[in-house]
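Structure data (mmCIF, C-alpha atoms) from protein38.cif:
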```cif
data_entry
loop_
_atom_site.label_atom_id
_atom_site.label_comp_id
_atom_site.auth_asym_id
_atom_site.auth_seq_id
_atom_site.Cartn_x
_atom_site.Cartn_y
_atom_site.Cartn_z
CA MET N 518 17.36 -8.56 8.97
CA LYS N 519 14.37 -7.39 10.98
CA ARG N 520 11.68 -5.61 8.96
CA LYS N 521 10.28 -2.32 10.22
CA ILE N 522 6.61 -1.80 9.45
CA LEU N 523 4.65 1.40 10.09
CA LEU N 524 0.96 1.12 10.98
CA PRO N 525 -0.77 4.53 10.99
CA THR N 526 -3.91 4.28 13.10
CA ASP N 527 -6.90 6.40 14.03
CA PHE N 528 -8.19 3.51 16.18
CA SER N 529 -10.97 2.78 13.66
CA ASP N 530 -12.17 -0.69 12.71
CA ASN N 531 -10.48 -0.32 9.32
CA ALA N 532 -7.16 0.50 10.98
CA TRP N 533 -7.53 -2.58 13.17
CA SER N 534 -8.26 -4.74 10.11
CA ALA N 535 -5.05 -3.44 8.51
CA THR N 536 -3.15 -4.31 11.69
CA VAL N 537 -4.49 -7.87 11.76
CA TYR N 538 -3.61 -8.29 8.08
CA ALA N 539 -0.07 -7.03 8.69
CA LEU N 540 0.50 -9.42 11.61
CA LYS N 541 -0.69 -12.40 9.57
CA LEU N 542 1.15 -11.37 6.39
CA PHE N 543 4.46 -11.23 8.27
CA ALA N 544 3.71 -14.04 10.71
CA GLU N 545 6.95 -15.86 9.86
CA GLN N 546 9.14 -12.75 9.58
CA GLU N 547 11.04 -10.90 12.29
CA CYS N 548 9.43 -7.46 12.43
CA THR N 549 9.08 -4.36 14.54
CA PHE N 550 5.66 -2.79 14.09
CA TYR N 551 5.27 0.90 14.86
CA PHE N 552 1.78 2.19 15.67
CA LEU N 553 1.51 5.86 14.69
CA ASN N 554 -1.21 8.27 15.70
CA SER N 555 -1.15 12.00 14.92
CA ILE N 556 -2.97 14.64 16.94
CA VAL N 557 -3.44 17.84 14.96
CA VAL N 558 -5.26 20.96 16.12
CA LYS N 559 -6.09 23.36 13.30
CA VAL N 560 -4.77 26.89 13.62
CA ASN N 561 -8.23 28.43 13.51
CA MET N 562 -9.18 26.29 16.49
CA LEU N 563 -6.28 27.25 18.71
CA SER N 564 -7.95 30.37 20.07
CA ASN N 565 -10.86 28.22 21.23
CA VAL N 566 -8.86 25.31 22.54
CA SER N 567 -7.10 25.55 25.86
CA ASN N 568 -3.70 24.05 26.55
CA LYS N 569 -5.37 21.80 29.07
CA LEU N 570 -7.69 20.36 26.41
CA ILE N 571 -4.78 19.77 24.01
CA THR N 572 -2.92 18.00 26.79
CA THR N 573 -5.98 15.87 27.47
CA MET N 574 -6.25 14.94 23.79
CA ARG N 575 -2.62 13.82 23.74
CA GLU N 576 -3.02 11.87 26.97
CA ASN N 577 -6.11 10.12 25.61
CA ALA N 578 -4.33 9.26 22.37
CA MET N 579 -1.37 7.88 24.30
CA VAL N 580 -3.68 5.71 26.39
CA GLU N 581 -5.28 4.36 23.21
CA LEU N 582 -1.89 3.65 21.67
CA LEU N 583 -0.74 1.80 24.78
CA ASP N 584 -4.01 -0.14 24.91
CA LEU N 585 -3.61 -1.04 21.23
CA LYS N 586 -0.05 -2.23 21.82
CA GLU N 587 -1.17 -4.34 24.78
CA LEU N 588 -4.08 -5.79 22.79
CA VAL N 589 -1.84 -6.78 19.91
CA GLN N 590 0.80 -8.30 22.18
CA SER N 591 -1.82 -10.42 23.91
CA SER N 592 -3.62 -11.46 20.71
CA ASP N 593 -0.43 -12.02 18.71
CA PRO N 594 2.04 -13.75 21.03
CA ASN N 595 4.57 -14.07 18.22
CA PRO N 596 8.19 -14.09 19.43
CA LYS N 597 9.25 -12.74 16.03
CA HIS N 598 7.22 -9.54 16.48
CA ASP N 599 8.07 -6.43 18.49
CA PHE N 600 5.87 -3.36 18.89
CA ASP N 601 6.45 0.32 19.49
CA ILE N 602 4.24 3.41 19.51
CA ILE N 603 4.61 6.90 18.05
CA LEU N 604 2.42 9.87 19.02
CA SER N 605 2.90 12.91 16.79
CA SER N 606 1.59 16.48 16.82
CA ASP N 607 2.27 16.82 13.09
CA ASP N 608 -0.28 16.21 10.35
CA LEU N 609 -0.44 12.62 9.14
CA ASN N 610 1.74 13.11 6.04
CA LYS N 611 4.56 14.80 7.96
CA ALA N 612 4.25 12.38 10.86
CA VAL N 613 4.58 9.39 8.53
CA LYS N 614 7.47 10.97 6.62
CA ASN N 615 9.36 11.63 9.84
CA ALA N 616 8.69 8.13 11.15
CA VAL N 617 9.86 6.51 7.91
CA GLU N 618 13.14 8.43 8.02
CA LYS N 619 13.78 8.11 11.76
CA HIS N 620 13.01 4.41 12.07
CA ASP N 621 14.13 3.24 8.62
CA ILE N 622 10.64 1.95 7.79
CA SER N 623 10.49 -0.48 4.87
CA LEU N 624 6.70 -0.64 4.44
CA ILE N 625 3.60 1.31 5.50
CA ILE N 626 0.41 -0.70 5.98
CA MET N 627 -2.88 1.12 6.51
CA GLY N 628 -6.61 0.88 5.92
CA THR N 629 -8.22 2.45 2.89
CA LYS N 630 -10.53 4.54 5.07
CA GLY N 631 -10.45 5.96 8.55
CA ALA N 632 -13.11 6.48 11.18
CA THR N 633 -14.87 9.13 9.06
CA GLY N 634 -14.38 7.49 5.66
CA ALA N 635 -17.36 7.83 3.34
CA LYS N 636 -18.68 4.49 2.17
CA GLU N 637 -18.90 5.55 -1.47
CA LEU N 638 -15.24 6.54 -1.78
CA PHE N 639 -12.51 4.16 -2.94
CA PHE N 640 -9.92 5.67 -0.59
CA GLY N 641 -10.35 8.04 2.30
CA SER N 642 -8.92 11.53 1.82
CA ASN N 643 -6.11 10.87 4.31
CA THR N 644 -5.09 7.75 2.42
CA VAL N 645 -5.06 9.50 -0.96
CA SER N 646 -3.04 12.40 0.43
CA LEU N 647 -0.53 10.08 2.06
CA ILE N 648 0.16 7.88 -0.95
CA MET N 649 0.58 10.94 -3.15
CA LYS N 650 2.98 12.66 -0.74
CA ILE N 651 5.15 9.79 0.52
CA LYS N 652 8.04 9.34 -1.88
CA ASN N 653 10.45 7.10 0.01
CA CYS N 654 8.42 4.09 1.15
CA PRO N 655 5.85 1.72 -0.37
CA VAL N 656 2.32 1.71 1.04
CA LEU N 657 0.13 -1.38 1.31
CA MET N 658 -3.54 -0.44 1.64
CA ILE N 659 -6.00 -2.92 3.14
CA PRO N 660 -9.75 -2.78 2.33
CA GLU N 661 -12.38 -2.61 5.03
CA GLU N 662 -13.11 -5.91 6.77
CA PHE N 663 -10.68 -7.80 4.54
CA ASP N 664 -9.87 -11.27 5.87
CA PHE N 665 -6.28 -12.37 5.39
CA ILE N 666 -5.55 -15.03 2.82
CA LYS N 667 -2.09 -16.05 1.73
CA PRO N 668 -1.32 -13.98 -1.37
CA LYS N 669 -0.65 -16.53 -4.09
CA GLN N 670 -1.36 -14.19 -7.01
CA ILE N 671 -0.05 -10.62 -7.33
CA ALA N 672 -1.10 -8.51 -10.32
CA PHE N 673 1.33 -5.92 -11.64
CA PRO N 674 -0.20 -3.75 -14.40
CA THR N 675 2.20 -1.94 -16.71
CA ASP N 676 2.19 -0.18 -20.08
CA TYR N 677 5.96 -0.84 -20.43
CA ASN N 678 6.55 2.86 -21.08
CA HIS N 679 8.22 3.31 -17.70
CA PHE N 680 11.81 2.19 -17.15
CA TYR N 681 11.70 0.29 -13.87
CA HIS N 682 14.64 0.66 -11.54
CA ALA N 683 15.70 -2.25 -9.38
CA ASN N 684 14.70 -0.43 -6.20
CA GLU N 685 11.17 0.05 -7.53
CA ILE N 686 10.74 -3.69 -7.97
CA LYS N 687 12.41 -4.66 -4.70
CA SER N 688 9.29 -4.43 -2.51
CA LEU N 689 7.25 -6.33 -5.13
CA ARG N 690 9.79 -9.15 -5.13
CA GLU N 691 10.01 -9.21 -1.35
CA LEU N 692 6.22 -9.38 -1.06
CA ALA N 693 6.09 -12.25 -3.55
CA ASP N 694 8.86 -14.08 -1.69
CA LEU N 695 6.80 -14.24 1.51
CA TYR N 696 4.47 -16.90 0.12
CA SER N 697 6.13 -17.81 -3.20
CA SER N 698 3.44 -15.78 -4.93
CA GLU N 699 3.18 -15.65 -8.70
CA ILE N 700 3.60 -12.16 -10.12
CA ARG N 701 1.23 -11.71 -13.02
CA ILE N 702 2.41 -8.85 -15.22
CA VAL N 703 -0.58 -7.55 -17.13
CA HIS N 704 -0.45 -5.28 -20.17
CA ILE N 705 -3.46 -3.89 -21.99
CA ASP N 706 -2.71 -4.17 -25.69
CA VAL N 707 -3.48 -0.65 -26.94
CA GLU N 708 -0.85 -0.93 -29.67
CA GLU N 709 -0.34 -3.57 -32.37
CA GLU N 710 3.18 -4.26 -31.14
CA LEU N 711 5.51 -2.91 -28.49
CA SER N 712 7.83 -0.07 -29.39
CA ASP N 713 11.59 -0.50 -29.02
CA LYS N 714 11.39 1.42 -25.76
CA GLN N 715 8.61 -0.81 -24.42
CA SER N 716 10.44 -3.96 -25.48
CA ASP N 717 13.61 -2.83 -23.74
CA ASN N 718 11.68 -2.02 -20.56
CA LEU N 719 10.04 -5.46 -20.65
CA ILE N 720 13.45 -7.14 -20.91
CA VAL N 721 14.72 -5.17 -17.91
CA LEU N 722 11.62 -6.02 -15.88
CA GLU N 723 12.00 -9.71 -16.69
CA SER N 724 15.63 -9.59 -15.59
CA TYR N 725 14.63 -8.23 -12.18
CA LEU N 726 12.10 -11.02 -11.73
CA LYS N 727 14.24 -13.90 -13.01
CA ASN N 728 14.33 -15.50 -9.56
CA ASN N 729 10.59 -15.07 -9.00
CA ASN N 730 7.66 -16.98 -10.40
CA PHE N 731 6.09 -14.59 -12.91
CA SER N 732 3.99 -14.67 -16.04
CA LEU N 733 3.10 -12.18 -18.79
CA HIS N 734 -0.51 -11.42 -19.69
CA TRP N 735 -1.80 -9.43 -22.63
CA MET N 736 -5.34 -8.13 -22.54
CA PRO N 737 -7.22 -6.79 -25.58
CA ASN N 738 -8.15 -3.14 -25.39
CA TYR N 739 -11.90 -3.66 -25.01
CA ALA N 740 -12.79 -1.15 -22.28
CA GLU N 741 -11.40 1.49 -19.92
CA LYS N 742 -8.17 0.35 -18.28
CA VAL N 743 -9.75 0.56 -14.83
CA GLU N 744 -12.50 -1.84 -15.87
CA GLU N 745 -10.08 -4.25 -17.54
CA ILE N 746 -7.82 -4.45 -14.49
CA ASN N 747 -10.89 -5.06 -12.36
CA ASP N 748 -11.86 -7.94 -14.68
CA PHE N 749 -8.32 -9.35 -14.53
CA ILE N 750 -8.40 -9.30 -10.73
CA GLU N 751 -11.68 -11.22 -10.63
CA GLU N 752 -10.94 -13.73 -13.38
CA LEU N 753 -7.53 -14.80 -12.07
CA ASP N 754 -8.38 -14.61 -8.36
CA ILE N 755 -5.72 -11.97 -7.72
CA ASP N 756 -4.89 -11.50 -4.03
CA ILE N 757 -2.88 -8.25 -4.18
CA LEU N 758 -2.68 -5.48 -6.77
CA ALA N 759 0.75 -3.82 -7.02
CA MET N 760 1.78 -0.76 -8.98
CA VAL N 761 4.61 1.74 -9.24
CA LYS N 762 3.32 5.28 -8.82
CA TYR N 763 4.65 7.56 -11.51
CA ASN N 764 3.18 10.47 -13.46
CA HIS N 765 0.51 9.84 -16.10
CA ASN N 766 0.01 6.15 -15.47
CA PHE N 767 -2.99 4.01 -14.60
CA PHE N 768 -2.56 4.74 -10.90
CA GLN N 769 -3.39 8.42 -11.42
CA LYS N 770 -6.63 7.45 -13.11
CA ILE N 771 -7.94 5.19 -10.38
CA LEU N 772 -7.68 8.07 -7.92
CA ASN N 773 -10.18 9.98 -10.02
CA GLU N 774 -13.37 9.52 -8.01
CA PRO N 775 -15.90 9.91 -10.89
CA VAL N 776 -14.06 7.23 -12.88
CA ILE N 777 -14.12 4.89 -9.90
CA LYS N 778 -17.83 5.45 -9.35
CA ASP N 779 -18.62 4.90 -13.02
CA LEU N 780 -16.55 1.77 -13.47
CA GLY N 781 -17.06 0.16 -10.10
CA PHE N 782 -13.37 -0.23 -9.28
CA HIS N 783 -13.44 -0.73 -5.54
CA ALA N 784 -10.88 -1.71 -2.95
CA LYS N 785 -11.66 -5.41 -2.94
CA ILE N 786 -8.10 -6.60 -2.40
CA PRO N 787 -4.96 -5.12 -0.84
CA PHE N 788 -3.18 -2.58 -3.04
CA LEU N 789 0.60 -2.05 -2.90
CA VAL N 790 1.68 1.39 -4.12
CA ILE N 791 5.40 1.69 -4.81
CA PRO N 792 7.01 5.15 -5.12
CA GLU N 793 9.00 5.98 -8.21
CA SER N 794 12.79 5.67 -8.33
CA VAL N 795 13.65 5.72 -4.64
CA ASP N 796 15.62 3.36 -2.45
CA ILE N 797 13.16 1.11 -0.64
#
```
As structure tokens - that is how I would like this structure written.
Amino acid sequence: MKRKILLPTDFSDNAWSATVYALKLFAEQECTFYFLNSIVVKVNMLSNVSNKLITTMRENAMVELLDLKELVQSSDPNPKHDFDIILSSDDLNKAVKNAVEKHDISLIIMGTKGATGAKELFFGSNTVSLIMKIKNCPVLMIPEEFDFIKPKQIAFPTDYNHFYHANEIKSLRELADLYSSEIRIVHIDVEEELSDKQSDNLIVLESYLKNNNFSLHWMPNYAEKVEEINDFIEELDIDILAMVKYNHNFFQKILNEPVIKDLGFHAKIPFLVIPESVDI
């Protein structure tokens, strides 16, 4: 079955890096890649913007999308890959949501920052907004200037307090299957032993991953969770960080900019964010 991958782009270098990563990640898979660009004119600007200028903006964006498609087709002559373009007048979140539903997108791949991304921020504001709003499709975020390497190690942090549904783990398993990656489940040991609820959730998680290569890791509670996960990534040469986004978990904390600045958790590797309890 052909995969359908959405690539939001603002034509920045970071967006191009995400595109290159996507093409290499799925080099052996049949895929249709959709390039999406959204042109939004704020309401308070409408009185000062003529219809002619708006038309020109759309025409320019369409030219850039077509040029991008042509560039990718010439640089990636892969018979397994098809490309299409989407130009939207909606804001990015709505444009992505509509594209996911209309084209049955299975994965969104995008850069962590756009053309105006501040260097000191972990994610650009558009990226943060998108991953918080999109509830029906996983998002794989690619750091700036990240060179593709086959993902042999995928880290999956969990506190075992969340009951994982099969559809939440599906994209993790499919990502691991691409290169027979090992899924390293990491738990920070903040309690002396797991509760009955945590133990049951661990058993369920293991059952989902029975056909994958996975291992369990227990880390002592020696620092902030953000710092410990960062250490785990470096020590085990993790290639991709994956996490299910649900309320009150570690994911919420790493989006807190002061925490990120203090602890030095930066987007060094691709980060797969999986929405909670949806069919993906």
Next item on the list: Find the spatial neighbours of stretch 570-587 of chain N, counting only C-alpha atoms, within a cut-off of 7 Å - ignore same-chain residues fewer than 4 positions away - and output them as number ranges by chain.
Entry: N: 556, 566, 591, 600, 602, 604
Checklist line | d(atom CA of N:Glu618, atom CA of N:Leu689) in Å | finding: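 Computed distance, atom CA of N:Glu618 to atom CA of N:Leu689, equals 20.6 Å.
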Next item on the list: Counting all atoms listed in the file, figure out which residue out of N:Ala535, N:Leu588, N:Leu647, N:Leu523 gets nearest to N:Ile603.
Entry: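 Closest to N:Ile603 of all the choices is N:Leu523.
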Notebook entry, point to check: Hey, what comes out of the PyMOL selection byres ((chain N and resi 610) around 12) on this file? Could you write it as a ChimeraX atom specification?
Noted result: /N:525,553-557,605-609,611-617,625,642-652
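Pairwise distance (atom CA of N:Asp706, atom CA of N:Val721) equals 19.1 Å.
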Margin query: Can you pull out the residues contacting stretch 669-676 of chain N? Cut-off 6 Å, using only C-alpha atoms, and skip same-chain residues under 5 positions away; I want them as a list of chain:residue names.
Written below: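 The filter keeps N:Ser698, N:Glu699, N:Ile700, N:Arg701, N:Ile702, N:Val703, N:His704, N:Ile755, N:Asp756, N:Ile757, N:Leu758, N:Ala759, N:Met760.
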Selection in question (the file shown): the PyMOL selection byres ((chain N and resi 522) around 12). Which residues does it include, as a PDB file with C-alpha atoms, keeping the file's coordinate frame?
```pdb
ATOM      1  CA  LYS N 519      14.370  -7.390  10.980  1.00  0.00           C
ATOM      2  CA  ARG N 520      11.680  -5.610   8.960  1.00  0.00           C
ATOM      3  CA  LYS N 521      10.280  -2.320  10.220  1.00  0.00           C
ATOM      4  CA  LEU N 523       4.650   1.400  10.090  1.00  0.00           C
ATOM      5  CA  LEU N 524       0.960   1.120  10.980  1.00  0.00           C
ATOM      6  CA  PRO N 525      -0.770   4.530  10.990  1.00  0.00           C
ATOM      7  CA  ALA N 535      -5.050  -3.440   8.510  1.00  0.00           C
ATOM      8  CA  THR N 536      -3.150  -4.310  11.690  1.00  0.00           C
ATOM      9  CA  ALA N 539      -0.070  -7.030   8.690  1.00  0.00           C
ATOM     10  CA  LEU N 540       0.500  -9.420  11.610  1.00  0.00           C
ATOM     11  CA  LEU N 542       1.150 -11.370   6.390  1.00  0.00           C
ATOM     12  CA  PHE N 543       4.460 -11.230   8.270  1.00  0.00           C
ATOM     13  CA  GLN N 546       9.140 -12.750   9.580  1.00  0.00           C
ATOM     14  CA  GLU N 547      11.040 -10.900  12.290  1.00  0.00           C
ATOM     15  CA  CYS N 548       9.430  -7.460  12.430  1.00  0.00           C
ATOM     16  CA  THR N 549       9.080  -4.360  14.540  1.00  0.00           C
ATOM     17  CA  PHE N 550       5.660  -2.790  14.090  1.00  0.00           C
ATOM     18  CA  TYR N 551       5.270   0.900  14.860  1.00  0.00           C
ATOM     19  CA  PHE N 552       1.780   2.190  15.670  1.00  0.00           C
ATOM     20  CA  LEU N 553       1.510   5.860  14.690  1.00  0.00           C
ATOM     21  CA  HIS N 598       7.220  -9.540  16.480  1.00  0.00           C
ATOM     22  CA  ASP N 599       8.070  -6.430  18.490  1.00  0.00           C
ATOM     23  CA  PHE N 600       5.870  -3.360  18.890  1.00  0.00           C
ATOM     24  CA  ASP N 601       6.450   0.320  19.490  1.00  0.00           C
ATOM     25  CA  ILE N 602       4.240   3.410  19.510  1.00  0.00           C
ATOM     26  CA  VAL N 613       4.580   9.390   8.530  1.00  0.00           C
ATOM     27  CA  ALA N 616       8.690   8.130  11.150  1.00  0.00           C
ATOM     28  CA  VAL N 617       9.860   6.510   7.910  1.00  0.00           C
ATOM     29  CA  HIS N 620      13.010   4.410  12.070  1.00  0.00           C
ATOM     30  CA  ASP N 621      14.130   3.240   8.620  1.00  0.00           C
ATOM     31  CA  ILE N 622      10.640   1.950   7.790  1.00  0.00           C
ATOM     32  CA  SER N 623      10.490  -0.480   4.870  1.00  0.00           C
ATOM     33  CA  LEU N 624       6.700  -0.640   4.440  1.00  0.00           C
ATOM     34  CA  ILE N 625       3.600   1.310   5.500  1.00  0.00           C
ATOM     35  CA  ILE N 626       0.410  -0.700   5.980  1.00  0.00           C
ATOM     36  CA  MET N 627      -2.880   1.120   6.510  1.00  0.00           C
ATOM     37  CA  CYS N 654       8.420   4.090   1.150  1.00  0.00           C
ATOM     38  CA  PRO N 655       5.850   1.720  -0.370  1.00  0.00           C
ATOM     39  CA  VAL N 656       2.320   1.710   1.040  1.00  0.00           C
ATOM     40  CA  LEU N 657       0.130  -1.380   1.310  1.00  0.00           C
TER      41      LEU N 657
END
```
Margin query: One number please: atom CA of N:Val707 to atom CA of N:Asn728, in Å, one decimal.
Written below: 29.0 Å
Next item on the list: Determine the nearest neighbour of N:Asp748 from the options N:Ser732, N:Glu793, N:Ile705, N:Val761, counting only C-alpha atoms.
Entry: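 Of N:Ser732, N:Glu793, N:Ile705, N:Val761, the one nearest N:Asp748, counting only C-alpha atoms, is N:Ile705.
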Item checked: Selected residue of minimal separation from N:Asp754 among N:Ala532, N:Leu695, N:Ile791, N:Ile786, counting only C-alpha atoms ->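 Among N:Ala532, N:Leu695, N:Ile791, N:Ile786, it is N:Ile786 that comes nearest to N:Asp754.
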Notebook entry, point to check: How would you write, as a list of chain:residue names, the residues chosen by the PyMOL selection byres ((chain N and resi 729) around 10) on this structure?
Noted result: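 So the PyMOL selection byres ((chain N and resi 729) around 10) ends up selecting N:Arg690, N:Glu691, N:Ala693, N:Asp694, N:Ser697, N:Ser698, N:Glu699, N:Ile700, N:Glu723, N:Ser724, N:Tyr725, N:Leu726, N:Lys727, N:Asn728, N:Asn730, N:Phe731, N:Ser732.
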Check: Of the candidates N:Val537, N:Leu753, N:Leu692, N:Val589, which shows the shortest atom-to-atom distance to N:Gly628, using only C-alpha atoms?
Finding: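 Checking each of N:Val537, N:Leu753, N:Leu692, N:Val589 against N:Gly628, counting only C-alpha atoms, the winner is N:Val537.
With distances restricted to all atoms listed in the file, N:His734 is the closest residue to N:Ile746 from N:Leu719, N:Pro660, N:His734, N:Asn653.
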Note to self: Under the rule that all atoms listed in the file are counted, which of N:His682, N:Lys762, N:Lys667, N:Lys597 is the nearest residue to N:Tyr696?
What the structure shows: N:Lys667
